[in-house]
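Chemist: What follows is coords-v7.txt, compact mmCIF, N, CA and C atoms and all ligand atoms.
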# COMPACT_ATOMS: atom_id res chain seq x y z
N MET J 8 -162.04 164.35 -105.88
CA MET J 8 -162.10 163.09 -105.12
C MET J 8 -162.64 163.40 -103.71
N ASN J 9 -163.09 162.37 -103.05
CA ASN J 9 -163.69 162.53 -101.73
C ASN J 9 -162.83 161.82 -100.68
N GLU J 10 -163.18 162.01 -99.41
CA GLU J 10 -162.35 161.47 -98.32
C GLU J 10 -162.32 159.94 -98.29
N PHE J 11 -163.26 159.29 -98.99
CA PHE J 11 -163.31 157.82 -98.96
C PHE J 11 -162.77 157.20 -100.26
N ASN J 12 -162.25 158.04 -101.15
CA ASN J 12 -161.73 157.56 -102.45
C ASN J 12 -162.79 156.80 -103.23
N LEU J 13 -164.02 157.19 -103.14
CA LEU J 13 -165.09 156.53 -103.88
C LEU J 13 -165.28 157.23 -105.22
N GLU J 14 -165.62 156.46 -106.23
CA GLU J 14 -165.84 157.04 -107.56
C GLU J 14 -167.07 157.95 -107.51
N GLU J 15 -166.94 159.13 -108.10
CA GLU J 15 -168.07 160.07 -108.11
C GLU J 15 -168.86 159.87 -109.39
N LYS J 16 -170.19 159.93 -109.28
CA LYS J 16 -171.05 159.61 -110.42
C LYS J 16 -171.97 160.78 -110.72
N GLU J 17 -172.50 160.79 -111.93
CA GLU J 17 -173.38 161.88 -112.34
C GLU J 17 -174.71 161.32 -112.79
N CYS J 18 -175.10 160.16 -112.27
CA CYS J 18 -176.30 159.50 -112.76
C CYS J 18 -177.55 160.33 -112.46
N GLN J 19 -178.40 160.46 -113.45
CA GLN J 19 -179.63 161.26 -113.31
C GLN J 19 -180.86 160.38 -113.52
N CYS J 20 -180.70 159.05 -113.33
CA CYS J 20 -181.84 158.17 -113.56
C CYS J 20 -182.88 158.38 -112.46
N GLU J 21 -184.08 157.88 -112.70
CA GLU J 21 -185.19 158.09 -111.75
C GLU J 21 -184.85 157.57 -110.36
N LYS J 22 -184.15 156.42 -110.30
CA LYS J 22 -183.82 155.84 -108.99
C LYS J 22 -182.90 156.76 -108.20
N CYS J 23 -181.92 157.34 -108.91
CA CYS J 23 -180.98 158.24 -108.22
C CYS J 23 -181.68 159.51 -107.78
N ILE J 24 -182.52 160.04 -108.66
CA ILE J 24 -183.25 161.26 -108.32
C ILE J 24 -184.20 160.99 -107.15
N ASP J 25 -184.70 159.76 -107.08
CA ASP J 25 -185.63 159.41 -106.02
C ASP J 25 -185.01 159.54 -104.63
N MET J 26 -183.70 159.35 -104.54
CA MET J 26 -183.05 159.51 -103.23
C MET J 26 -183.29 160.93 -102.73
N CYS J 27 -183.10 161.90 -103.64
CA CYS J 27 -183.27 163.32 -103.26
C CYS J 27 -184.73 163.64 -102.92
N ARG J 28 -185.63 162.81 -103.40
CA ARG J 28 -187.05 163.04 -103.12
C ARG J 28 -187.46 162.43 -101.78
N HIS J 29 -186.62 161.54 -101.25
CA HIS J 29 -187.04 160.82 -100.04
C HIS J 29 -186.05 160.92 -98.88
N ILE J 30 -184.77 160.67 -99.17
CA ILE J 30 -183.78 160.67 -98.08
C ILE J 30 -182.63 161.58 -98.48
N THR J 31 -182.28 162.51 -97.64
CA THR J 31 -181.22 163.46 -98.03
C THR J 31 -179.84 162.83 -97.80
N CYS J 32 -178.88 163.29 -98.60
CA CYS J 32 -177.57 162.64 -98.55
C CYS J 32 -176.73 163.14 -97.37
N TRP J 33 -175.85 162.27 -96.90
CA TRP J 33 -174.94 162.60 -95.81
C TRP J 33 -173.55 162.89 -96.35
N GLY J 34 -172.83 163.73 -95.60
CA GLY J 34 -171.46 164.05 -95.96
C GLY J 34 -170.59 164.17 -94.72
N THR J 35 -169.35 164.47 -94.95
CA THR J 35 -168.39 164.57 -93.85
C THR J 35 -168.48 165.97 -93.22
N PRO J 36 -167.93 166.14 -92.01
CA PRO J 36 -167.93 167.48 -91.42
C PRO J 36 -167.28 168.53 -92.34
N SER J 37 -166.18 168.18 -93.01
CA SER J 37 -165.56 169.21 -93.87
C SER J 37 -166.45 169.57 -95.04
N GLU J 38 -167.19 168.61 -95.59
CA GLU J 38 -168.12 168.93 -96.68
C GLU J 38 -169.25 169.83 -96.19
N LEU J 39 -169.79 169.49 -95.01
CA LEU J 39 -170.89 170.32 -94.50
C LEU J 39 -170.39 171.71 -94.12
N ASN J 40 -169.15 171.79 -93.68
CA ASN J 40 -168.57 173.11 -93.38
C ASN J 40 -168.53 173.96 -94.65
N LYS J 41 -168.17 173.34 -95.78
CA LYS J 41 -168.14 174.07 -97.06
C LYS J 41 -169.54 174.55 -97.43
N ILE J 42 -170.53 173.73 -97.19
CA ILE J 42 -171.92 174.10 -97.53
C ILE J 42 -172.35 175.29 -96.65
N ILE J 43 -171.96 175.27 -95.39
CA ILE J 43 -172.28 176.40 -94.49
C ILE J 43 -171.55 177.65 -94.99
N ASP J 44 -170.26 177.50 -95.31
CA ASP J 44 -169.47 178.65 -95.78
C ASP J 44 -170.04 179.24 -97.07
N ALA J 45 -170.68 178.39 -97.88
CA ALA J 45 -171.26 178.87 -99.14
C ALA J 45 -172.62 179.55 -98.91
N GLY J 46 -173.06 179.61 -97.65
CA GLY J 46 -174.28 180.36 -97.35
C GLY J 46 -175.55 179.53 -97.27
N PHE J 47 -175.38 178.19 -97.17
CA PHE J 47 -176.57 177.33 -97.17
C PHE J 47 -176.85 176.68 -95.80
N GLY J 48 -176.25 177.22 -94.75
CA GLY J 48 -176.43 176.61 -93.42
C GLY J 48 -177.87 176.57 -92.96
N ASN J 49 -178.69 177.48 -93.49
CA ASN J 49 -180.10 177.53 -93.07
C ASN J 49 -180.95 176.45 -93.74
N LYS J 50 -180.31 175.60 -94.59
CA LYS J 50 -181.06 174.53 -95.26
C LYS J 50 -180.58 173.15 -94.79
N LEU J 51 -180.02 173.12 -93.59
CA LEU J 51 -179.51 171.86 -93.04
C LEU J 51 -180.36 171.42 -91.85
N MET J 52 -180.21 170.17 -91.47
CA MET J 52 -180.90 169.64 -90.28
C MET J 52 -179.96 168.67 -89.57
N ILE J 53 -180.38 168.24 -88.39
CA ILE J 53 -179.57 167.26 -87.65
C ILE J 53 -180.23 165.89 -87.76
N ASP J 54 -179.48 164.95 -88.29
CA ASP J 54 -179.95 163.56 -88.36
C ASP J 54 -179.13 162.78 -87.33
N TRP J 55 -179.38 161.50 -87.19
CA TRP J 55 -178.59 160.71 -86.24
C TRP J 55 -178.41 159.30 -86.76
N TRP J 56 -177.32 158.68 -86.28
CA TRP J 56 -176.97 157.30 -86.61
C TRP J 56 -177.05 156.51 -85.32
N ILE J 57 -177.83 155.45 -85.33
CA ILE J 57 -177.99 154.67 -84.10
C ILE J 57 -176.69 153.95 -83.79
N ALA J 58 -176.16 154.21 -82.60
CA ALA J 58 -174.87 153.62 -82.23
C ALA J 58 -174.85 153.38 -80.73
N SER J 59 -173.85 152.64 -80.29
CA SER J 59 -173.69 152.35 -78.87
C SER J 59 -172.35 152.94 -78.41
N PRO J 60 -172.24 153.55 -77.25
CA PRO J 60 -173.26 153.65 -76.20
C PRO J 60 -174.29 154.75 -76.46
N GLU J 61 -174.06 155.61 -77.45
CA GLU J 61 -175.07 156.62 -77.73
C GLU J 61 -175.12 156.95 -79.21
N ASP J 62 -176.27 157.47 -79.64
CA ASP J 62 -176.44 157.81 -81.05
C ASP J 62 -175.46 158.92 -81.44
N ILE J 63 -175.13 158.94 -82.73
CA ILE J 63 -174.20 159.96 -83.24
C ILE J 63 -174.99 160.96 -84.07
N TYR J 64 -174.79 162.23 -83.79
CA TYR J 64 -175.51 163.27 -84.54
C TYR J 64 -174.71 163.70 -85.76
N VAL J 65 -175.46 163.93 -86.84
CA VAL J 65 -174.86 164.23 -88.14
C VAL J 65 -175.60 165.42 -88.75
N LEU J 66 -174.86 166.39 -89.22
CA LEU J 66 -175.48 167.53 -89.91
C LEU J 66 -175.62 167.17 -91.39
N CYS J 67 -176.78 167.45 -91.97
CA CYS J 67 -176.99 167.05 -93.37
C CYS J 67 -178.04 167.96 -94.02
N PRO J 68 -178.17 167.88 -95.35
CA PRO J 68 -179.24 168.63 -96.02
C PRO J 68 -180.60 168.29 -95.40
N ALA J 69 -181.43 169.30 -95.26
CA ALA J 69 -182.73 169.10 -94.59
C ALA J 69 -183.80 168.63 -95.56
N ASN J 70 -184.70 167.83 -95.03
CA ASN J 70 -185.96 167.60 -95.75
C ASN J 70 -186.74 168.91 -95.67
N ILE J 71 -187.50 169.22 -96.71
CA ILE J 71 -188.30 170.45 -96.68
C ILE J 71 -189.19 170.42 -95.44
N GLY J 72 -189.19 171.53 -94.72
CA GLY J 72 -189.99 171.62 -93.50
C GLY J 72 -189.18 171.30 -92.25
N PHE J 73 -187.97 170.75 -92.42
CA PHE J 73 -187.15 170.39 -91.27
C PHE J 73 -185.83 171.18 -91.25
N GLU J 74 -185.78 172.28 -91.99
CA GLU J 74 -184.59 173.13 -91.98
C GLU J 74 -184.40 173.65 -90.55
N LEU J 75 -183.15 173.58 -90.08
CA LEU J 75 -182.77 174.06 -88.75
C LEU J 75 -183.49 173.28 -87.63
N LYS J 76 -183.84 172.04 -87.92
CA LYS J 76 -184.50 171.19 -86.93
C LYS J 76 -183.83 169.83 -86.91
N GLN J 77 -184.41 168.95 -86.05
CA GLN J 77 -183.97 167.56 -86.06
C GLN J 77 -184.71 166.82 -87.18
N ALA J 78 -184.06 165.85 -87.78
CA ALA J 78 -184.69 165.09 -88.87
C ALA J 78 -185.97 164.43 -88.39
N PRO J 79 -186.93 164.23 -89.30
CA PRO J 79 -188.14 163.54 -88.89
C PRO J 79 -187.83 162.08 -88.55
N TYR J 80 -188.62 161.50 -87.67
CA TYR J 80 -188.39 160.10 -87.28
C TYR J 80 -188.50 159.20 -88.51
N HIS J 81 -189.54 159.43 -89.31
CA HIS J 81 -189.67 158.69 -90.58
C HIS J 81 -189.11 159.59 -91.66
N ARG J 82 -187.89 159.28 -92.08
CA ARG J 82 -187.23 160.16 -93.05
C ARG J 82 -187.79 159.92 -94.43
N ASP J 83 -188.74 160.70 -94.82
CA ASP J 83 -189.29 160.57 -96.16
C ASP J 83 -189.79 161.93 -96.61
N GLY J 84 -188.99 162.60 -97.40
CA GLY J 84 -189.41 163.92 -97.86
C GLY J 84 -188.36 164.50 -98.79
N LEU J 85 -188.80 165.47 -99.57
CA LEU J 85 -187.95 166.13 -100.55
C LEU J 85 -186.79 166.87 -99.87
N CYS J 86 -185.62 166.80 -100.49
CA CYS J 86 -184.48 167.54 -99.97
C CYS J 86 -184.67 169.03 -100.27
N SER J 87 -184.26 169.85 -99.34
CA SER J 87 -184.43 171.30 -99.52
C SER J 87 -183.53 171.86 -100.64
N PHE J 88 -182.56 171.05 -101.12
CA PHE J 88 -181.69 171.50 -102.21
C PHE J 88 -182.15 170.97 -103.58
N PHE J 89 -183.24 170.21 -103.60
CA PHE J 89 -183.72 169.62 -104.85
C PHE J 89 -184.53 170.68 -105.60
N THR J 90 -184.13 170.96 -106.84
CA THR J 90 -184.77 172.05 -107.57
C THR J 90 -185.97 171.54 -108.39
N LYS J 91 -186.75 172.49 -108.90
CA LYS J 91 -187.95 172.11 -109.67
C LYS J 91 -187.60 171.34 -110.94
N ASP J 92 -186.39 171.56 -111.47
CA ASP J 92 -186.00 170.80 -112.67
C ASP J 92 -185.12 169.59 -112.32
N ASN J 93 -185.37 169.02 -111.13
CA ASN J 93 -184.73 167.76 -110.72
C ASN J 93 -183.20 167.84 -110.62
N LYS J 94 -182.70 168.99 -110.20
CA LYS J 94 -181.25 169.13 -110.06
C LYS J 94 -180.92 169.37 -108.57
N CYS J 95 -179.62 169.34 -108.28
CA CYS J 95 -179.17 169.63 -106.92
C CYS J 95 -178.64 171.07 -106.89
N GLU J 96 -179.21 171.88 -106.02
CA GLU J 96 -178.81 173.30 -105.94
C GLU J 96 -177.34 173.46 -105.55
N ILE J 97 -176.81 172.46 -104.85
CA ILE J 97 -175.40 172.55 -104.41
C ILE J 97 -174.56 171.47 -105.11
N HIS J 98 -174.88 171.23 -106.36
CA HIS J 98 -174.24 170.14 -107.11
C HIS J 98 -172.72 170.09 -106.92
N ASN J 99 -172.06 171.25 -107.03
CA ASN J 99 -170.59 171.25 -106.98
C ASN J 99 -170.03 170.97 -105.59
N ILE J 100 -170.85 171.12 -104.57
CA ILE J 100 -170.36 170.89 -103.21
C ILE J 100 -171.26 169.91 -102.46
N LYS J 101 -172.01 169.10 -103.21
CA LYS J 101 -172.93 168.17 -102.54
C LYS J 101 -172.16 167.15 -101.70
N PRO J 102 -172.78 166.62 -100.64
CA PRO J 102 -172.10 165.65 -99.79
C PRO J 102 -171.73 164.35 -100.51
N VAL J 103 -170.76 163.65 -99.95
CA VAL J 103 -170.19 162.45 -100.60
C VAL J 103 -171.25 161.41 -100.96
N GLU J 104 -172.24 161.26 -100.14
CA GLU J 104 -173.26 160.25 -100.45
C GLU J 104 -174.00 160.61 -101.74
N GLY J 105 -174.30 161.88 -101.91
CA GLY J 105 -174.98 162.32 -103.13
C GLY J 105 -174.09 162.17 -104.36
N LYS J 106 -172.77 162.28 -104.14
CA LYS J 106 -171.83 162.18 -105.27
C LYS J 106 -171.56 160.75 -105.69
N THR J 107 -171.76 159.80 -104.77
CA THR J 107 -171.26 158.45 -105.05
C THR J 107 -172.33 157.35 -105.04
N THR J 108 -173.45 157.57 -104.40
CA THR J 108 -174.44 156.50 -104.33
C THR J 108 -175.21 156.43 -105.64
N THR J 109 -175.36 155.23 -106.15
CA THR J 109 -176.04 155.07 -107.43
C THR J 109 -177.13 154.02 -107.34
N HIS J 110 -178.28 154.35 -107.87
CA HIS J 110 -179.41 153.42 -108.01
C HIS J 110 -179.89 152.83 -106.69
N ASP J 111 -179.60 153.48 -105.60
CA ASP J 111 -180.06 152.94 -104.32
C ASP J 111 -180.28 154.12 -103.38
N PHE J 112 -180.96 153.88 -102.29
CA PHE J 112 -181.20 154.98 -101.37
C PHE J 112 -179.92 155.39 -100.66
N TYR J 113 -179.30 154.47 -99.99
CA TYR J 113 -178.00 154.77 -99.40
C TYR J 113 -177.28 153.48 -99.06
N ASP J 114 -175.98 153.65 -98.82
CA ASP J 114 -175.14 152.51 -98.49
C ASP J 114 -174.88 152.61 -96.99
N SER J 115 -175.40 151.65 -96.23
CA SER J 115 -175.28 151.77 -94.77
C SER J 115 -173.82 151.70 -94.31
N LYS J 116 -172.96 151.03 -95.09
CA LYS J 116 -171.53 150.98 -94.68
C LYS J 116 -170.93 152.38 -94.81
N LEU J 117 -171.32 153.09 -95.88
CA LEU J 117 -170.80 154.45 -96.04
C LEU J 117 -171.35 155.35 -94.93
N ARG J 118 -172.64 155.20 -94.60
CA ARG J 118 -173.21 156.00 -93.51
C ARG J 118 -172.47 155.74 -92.20
N ASP J 119 -172.10 154.50 -91.96
CA ASP J 119 -171.38 154.16 -90.74
C ASP J 119 -170.02 154.88 -90.71
N LYS J 120 -169.34 154.90 -91.87
CA LYS J 120 -168.03 155.57 -91.94
C LYS J 120 -168.21 157.08 -91.74
N ILE J 121 -169.24 157.63 -92.38
CA ILE J 121 -169.47 159.08 -92.25
C ILE J 121 -169.78 159.41 -90.79
N SER J 122 -170.61 158.59 -90.16
CA SER J 122 -171.01 158.89 -88.77
C SER J 122 -169.78 158.92 -87.85
N LYS J 123 -168.79 158.08 -88.13
CA LYS J 123 -167.58 158.06 -87.28
C LYS J 123 -166.86 159.41 -87.35
N LEU J 124 -166.92 160.07 -88.51
CA LEU J 124 -166.27 161.38 -88.64
C LEU J 124 -167.03 162.47 -87.86
N TRP J 125 -168.31 162.21 -87.63
CA TRP J 125 -169.09 163.18 -86.81
C TRP J 125 -168.91 162.90 -85.32
N ASN J 126 -168.48 161.69 -84.99
CA ASN J 126 -168.28 161.34 -83.58
C ASN J 126 -166.86 161.71 -83.16
N THR J 127 -166.46 162.91 -83.48
CA THR J 127 -165.12 163.42 -83.19
C THR J 127 -165.28 164.84 -82.62
N PRO J 128 -164.25 165.35 -81.97
CA PRO J 128 -164.35 166.74 -81.46
C PRO J 128 -164.68 167.71 -82.58
N GLU J 129 -164.10 167.51 -83.80
CA GLU J 129 -164.35 168.43 -84.92
C GLU J 129 -165.82 168.37 -85.36
N GLY J 130 -166.33 167.15 -85.49
CA GLY J 130 -167.72 166.97 -85.93
C GLY J 130 -168.69 167.55 -84.92
N LYS J 131 -168.47 167.24 -83.64
CA LYS J 131 -169.38 167.74 -82.60
C LYS J 131 -169.31 169.25 -82.51
N SER J 132 -168.11 169.79 -82.65
CA SER J 132 -167.97 171.24 -82.54
C SER J 132 -168.63 171.95 -83.72
N LEU J 133 -168.58 171.35 -84.93
CA LEU J 133 -169.25 171.97 -86.08
C LEU J 133 -170.77 172.03 -85.84
N ILE J 134 -171.32 170.97 -85.29
CA ILE J 134 -172.77 170.97 -84.99
C ILE J 134 -173.09 172.06 -83.97
N GLU J 135 -172.26 172.19 -82.94
CA GLU J 135 -172.53 173.22 -81.91
C GLU J 135 -172.41 174.63 -82.51
N GLU J 136 -171.40 174.83 -83.37
CA GLU J 136 -171.25 176.15 -84.02
C GLU J 136 -172.45 176.47 -84.89
N TRP J 137 -172.91 175.46 -85.64
CA TRP J 137 -174.07 175.65 -86.53
C TRP J 137 -175.31 175.97 -85.69
N LYS J 138 -175.50 175.23 -84.59
CA LYS J 138 -176.67 175.49 -83.72
C LYS J 138 -176.62 176.91 -83.19
N SER J 139 -175.46 177.32 -82.74
CA SER J 139 -175.30 178.65 -82.17
C SER J 139 -175.55 179.72 -83.24
N LYS J 140 -174.99 179.53 -84.44
CA LYS J 140 -175.13 180.52 -85.52
C LYS J 140 -176.59 180.71 -85.92
N PHE J 141 -177.34 179.60 -85.94
CA PHE J 141 -178.72 179.69 -86.43
C PHE J 141 -179.76 179.59 -85.31
N GLY J 142 -179.31 179.63 -84.06
CA GLY J 142 -180.27 179.60 -82.93
C GLY J 142 -181.06 178.32 -82.85
N VAL J 143 -180.41 177.19 -83.22
CA VAL J 143 -181.12 175.90 -83.17
C VAL J 143 -181.09 175.38 -81.74
N LYS J 144 -182.25 175.04 -81.21
CA LYS J 144 -182.33 174.61 -79.80
C LYS J 144 -182.33 173.08 -79.66
N GLU J 145 -182.72 172.35 -80.70
CA GLU J 145 -182.91 170.90 -80.56
C GLU J 145 -181.59 170.17 -80.42
S1 LIG F 201 -178.07 167.69 -101.39
FE1 LIG F 201 -178.40 167.43 -103.58
S2 LIG F 201 -177.74 165.30 -103.99
FE2 LIG F 201 -178.06 165.48 -101.79
S3 LIG F 201 -180.16 164.77 -101.47
FE3 LIG F 201 -180.19 167.01 -101.67
S4 LIG F 201 -180.64 167.40 -103.83
FE4 LIG F 201 -179.96 165.26 -103.64
Please rewrite the model in this file as structure tokens.
Modeler:
Amino acid sequence: MNEFNLEEKECQCEKCIDMCRHITCWGTPSELNKIIDAGFGNKLMIDWWIASPEDIYVLCPANIGFELKQAPYHRDGLCSFFTKDNKCEIHNIKPVEGKTTTHDFYDSKLRDKISKLWNTPEGKSLIEEWKSKFGVKE
């Protein structure tokens, strides 16, 4: 189960796979911490959620070419964890959005909830630790 008590799905339809081809999934700080601990920290990027008074930064799987960088302004690109046979390289520890979103790109209400978990001392500190570990300057 996940922190939001959302049903987890295993859908492999083209629409679901398309999310991994275009927009990478978001997860909670504890999920991203697990991905870093599993040795995949070098395949993450920093995305952001537009908020007031300031945007919230979120660590997430990177689009190919944006590993250890800030997400592209136009988020459209293959996820760095998407394999040649249309699978997720981190299937067992994939972020909550990848586990629960079905037939759509993303659920903005879920993104809003996830972003709130990053707008905490724990979330901000995980991003700073990740930047420091991998020498990310952005
Ligand atoms: S981490 Fe896995 S589920 Fe999430 S976008 Fe990448 S390939 Fe898809």
Chemist: Measuring between only C-alpha atoms, which one of J:Ile63, J:Leu75, J:Met8, J:Ile24 shows the shortest distance to Lys91 (chain J)?
Modeler: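 Of all the options, J:Ile24 lies closest to Lys91 (chain J).
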Chemist: Would you list the residues that come within 8 Å of ligand LIG 201 (chain F)? Count only C-alpha atoms and all ligand atoms and give the answer as a list in words.
Modeler: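 Going residue by residue within 8 Å of ligand LIG 201 (chain F), we get Ile24, Met26, Cys27, Arg28, Ile30, Thr31, Cys32, Trp33, Pro68, Ala69, Leu85, Cys86, Ser87, Phe88, Phe89, Thr90, Lys94, Cys95, Glu96, Ile97, His98, Lys101, Pro102, Glu104, Gly105 and Lys106 of chain J.
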Chemist: Based on DSSP run over this structure's backbone, return all residues of chain J in strand (DSSP E), as a ChimeraX atom specification.
Modeler: /J:51-56,63-68
Chemist: Calculated over only C-alpha atoms, which of the candidates J:Lys16, J:His81, J:Phe141, J:Met52 has the smallest distance to Cys67 (chain J)?
Modeler: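 Nearest to Cys67 (chain J): J:Met52.
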Chemist: Would you list the contacts of Lys41 (chain J) as an MDAnalysis selection string, taking every protein, DNA or RNA residue within 10 Å and counting only C-alpha atoms, but skipping same-chain residues closer than 4 positions in sequence?
Modeler: chainID J and resid 36:37 45:48 100:102
Chemist: Produce a file of the selected residues containing N, CA and C atoms, as a PDB file, in the frame of the given file.
Modeler:
ATOM      1  N   PRO J  36    -167.930 166.140 -92.010  1.00  0.00           N
ATOM      2  CA  PRO J  36    -167.930 167.480 -91.420  1.00  0.00           C
ATOM      3  C   PRO J  36    -167.280 168.530 -92.340  1.00  0.00           C
ATOM      4  N   SER J  37    -166.180 168.180 -93.010  1.00  0.00           N
ATOM      5  CA  SER J  37    -165.560 169.210 -93.870  1.00  0.00           C
ATOM      6  C   SER J  37    -166.450 169.570 -95.040  1.00  0.00           C
ATOM      7  N   ALA J  45    -170.680 178.390 -97.880  1.00  0.00           N
ATOM      8  CA  ALA J  45    -171.260 178.870 -99.140  1.00  0.00           C
ATOM      9  C   ALA J  45    -172.620 179.550 -98.910  1.00  0.00           C
ATOM     10  N   GLY J  46    -173.060 179.610 -97.650  1.00  0.00           N
ATOM     11  CA  GLY J  46    -174.280 180.360 -97.350  1.00  0.00           C
ATOM     12  C   GLY J  46    -175.550 179.530 -97.270  1.00  0.00           C
ATOM     13  N   PHE J  47    -175.380 178.190 -97.170  1.00  0.00           N
ATOM     14  CA  PHE J  47    -176.570 177.330 -97.170  1.00  0.00           C
ATOM     15  C   PHE J  47    -176.850 176.680 -95.800  1.00  0.00           C
ATOM     16  N   GLY J  48    -176.250 177.220 -94.750  1.00  0.00           N
ATOM     17  CA  GLY J  48    -176.430 176.610 -93.420  1.00  0.00           C
ATOM     18  C   GLY J  48    -177.870 176.570 -92.960  1.00  0.00           C
ATOM     19  N   ILE J 100    -170.850 171.120-104.570  1.00  0.00           N
ATOM     20  CA  ILE J 100    -170.360 170.890-103.210  1.00  0.00           C
ATOM     21  C   ILE J 100    -171.260 169.910-102.460  1.00  0.00           C
ATOM     22  N   LYS J 101    -172.010 169.100-103.210  1.00  0.00           N
ATOM     23  CA  LYS J 101    -172.930 168.170-102.540  1.00  0.00           C
ATOM     24  C   LYS J 101    -172.160 167.150-101.700  1.00  0.00           C
ATOM     25  N   PRO J 102    -172.780 166.620-100.640  1.00  0.00           N
ATOM     26  CA  PRO J 102    -172.100 165.650 -99.790  1.00  0.00           C
ATOM     27  C   PRO J 102    -171.730 164.350-100.510  1.00  0.00           C
TER      28      PRO J 102
END
Chemist: What does the distance from CA of Lys76 (chain J) to CA of Glu38 (chain J) come to in Å, to one decimal?
Modeler: 19.2 Å
Chemist: Measuring between all atoms listed in the file, which one of J:Tyr64, J:Asp114, J:Glu17, J:Asp92 shows the shortest distance to Lys131 (chain J)?
Modeler: J:Tyr64
Chemist: Can you work out the spacing between CA of Thr109 (chain J) and CA of Leu39 (chain J) in Å, to one decimal?
Modeler: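 Interatomic distance, CA of Thr109 (chain J) to CA of Leu39 (chain J): 20.6 Å.
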